[in-house]
Amino acid sequence: MSERNISIDLLRILACIAVIMVHTVGVPVAYDRVPFESLDYYICMVWSGCIRWAVPVFVMITGYFMLDPQKTVTTKSIFSKRLPRIVCALIFWSMAYAAVLHCPIYPFGSQEAHFWYLGMLIGLYLAIPILRHIAARIDLLEYFLLAWLAIETYKFTCNFITRPFSTQPTIFATYGGYCLLGYYIRWLATQHSKKYACLRRMIYILGIIGTIITGIGGAINIDIDEYISGYASPNVIFCSAAILLFFAMHPISLAPKHQKIVKHISGCTFGIYLVHLLILIETYNRFHRIITSTVPHLLVTIAFAFCAGYVITLILKQIPVINKYIV
């Protein structure tokens with residue numbers, strides 16, 4: 001399982017684009033730029049729902065690689081390399097956003113919504129040594145995932161019915177579960193028995209159903225959108241799992257030069273994620289009169305944000321030392 005699957009690098013790129021899509025199509029709805037219950041409104045709601053898999057897939061890809069027993073991940077490497085990079089990126093980009101948008105500076109945080117992901121990564125990296133022990137035993141891993149899914153499903157259903165009791169924070173946390181699920185899917189893709197073939201088919205079926213529920217559910221009833229589209233909802237979990245499984249099961253074959261391009265762009269997705277919201281905010285602030293909520297305009301905006309983020313990331317990667325810590 002140590003051989004690199006270029007499909008996962010491609011999926012990371014697609015997930016990055018999907019994150020930009022979520023933030024782009026959400027703007028017209030959040031700021032009432034489209035009439036409620038208009039065609040554009042429903043397009044934005046369904047579109048946004050169908051790509052809610054983006055962040056969970058990012059987390060699962062972390063587990064896909066970092067929980068592999070054949071990969072050496074030590075506590076020292078986490079504290080000396082991975083955590084300093086996240087903290088430095090958080091400080092740098094918080095200051096960059098504050099400077100450009102003329103907002104208060106929060107050295108260890110930001111008012112920008114997407115920086116929550118960095119805080120989550122810090123906690124996830126701290127848990128990696130423990131999660132690796134769970135991933136090393138498939139029976140224990142399967143138990144964890146079943147318990148995690150049961151708890152998340154119960155929490156989800158309690159949004160719609162009177163709960164007999166409330167759940168409390170435990171080891172079965174949302175993103176720890178996604179991380180372990182990412183490695184489990186990597187392992188599942190290598191199994192050839194009839195039992196696991198049936199499990200893969202079930203994940204695909206539930207993934208399709210989950211995508212339909214997420215895409216249409218919020219558009220039908222805006223009051224339940226925050227529950228339907230939540231990352232801990234079972235429909236988003238299965239949708240995300242099905243997408244990762246598909247890419248894990250179908251490695252693509254590319255010429256060496258094309259593989260190099262995919263790996264290079266994949267390596268820039270962290271930087272693109274960090275800067276893309278700043279690009280979107282500035283784009284809307286400066287060109288709000290000509291950017292409408294129609295699909296063509298939104299697609300152009302998404303493409304521009306991704307390409308501009310890629311160029312900025314490339315420039316920052318040319319700066320020695322800094323390139324290792326902020327992108």
# chains A, B, ... in the order shown; residues from 1 in each chain; ligands from 1

call {"tool": "residues_around", "arguments": {"residues": "Tyr178 in chain A", "least_positions_apart": "5", "cutoff": "7 Å", "atoms": "only C-alpha atoms", "output": "list in words"}}
result
Pro56, Val59 and Met60 of chain A

call {"tool": "closest_atom_pairs", "arguments": {"of": "range 209-273 of chain A", "to": "range 112-116 of chain A", "cutoff": "12 Å", "atoms": "only C-alpha atoms", "output": "tab-separated table"}}
result
residue	atom	partner	partner_atom	distance
A:Phe270	CA	A:Phe115	CA	11.7
A:Ile272	CA	A:His114	CA	12.0
A:Tyr273	CA	A:His114	CA	8.4

call {"tool": "residues_around", "arguments": {"residues": "range 141-152 of chain A", "least_positions_apart": "5", "cutoff": "12 Å", "atoms": "only C-alpha atoms", "output": "VMD selection string"}}
result
chain A and resid 67 130 to 136 157 to 159 166 to 185 187 to 188 227 230 to 238 241

call {"tool": "atom_distance", "arguments": {"atom1": "CA of Ile51 in chain A", "atom2": "CA of Thr24 in chain A"}}
result
11.8 Å

call {"tool": "residues_around", "arguments": {"residues": "Gly267 in chain A", "least_positions_apart": "5", "cutoff": "10 Å", "atoms": "only C-alpha atoms", "output": "ChimeraX atom specification"}}
result
/A:9,12-13,261-262,272,313,327

call {"tool": "write_last_selection", "arguments": {"atoms": "C-alpha atoms", "output": "mmCIF file, in the first residue's frame"}}
result
data_model
loop_
_atom_site.group_PDB
_atom_site.id
_atom_site.type_symbol
_atom_site.label_atom_id
_atom_site.label_comp_id
_atom_site.auth_asym_id
_atom_site.auth_seq_id
_atom_site.Cartn_x
_atom_site.Cartn_y
_atom_site.Cartn_z
ATOM 1 C CA ASP A 9 -3.428 13.889 -5.775
ATOM 2 C CA ARG A 12 -6.963 16.781 -3.569
ATOM 3 C CA ILE A 13 -7.015 19.305 -6.418
ATOM 4 C CA ILE A 261 2.106 18.452 -13.050
ATOM 5 C CA VAL A 262 -0.658 16.846 -10.969
ATOM 6 C CA ILE A 272 -4.562 28.021 -2.500
ATOM 7 C CA THR A 313 1.285 30.191 -3.915
ATOM 8 C CA VAL A 327 2.054 27.565 2.009
#

call {"tool": "closest_residue", "arguments": {"among": "A:Arg85, A:His258, A:His102, A:Arg137", "to": "Pro69 in chain A", "atoms": "only C-alpha atoms"}}
result
A:Arg137
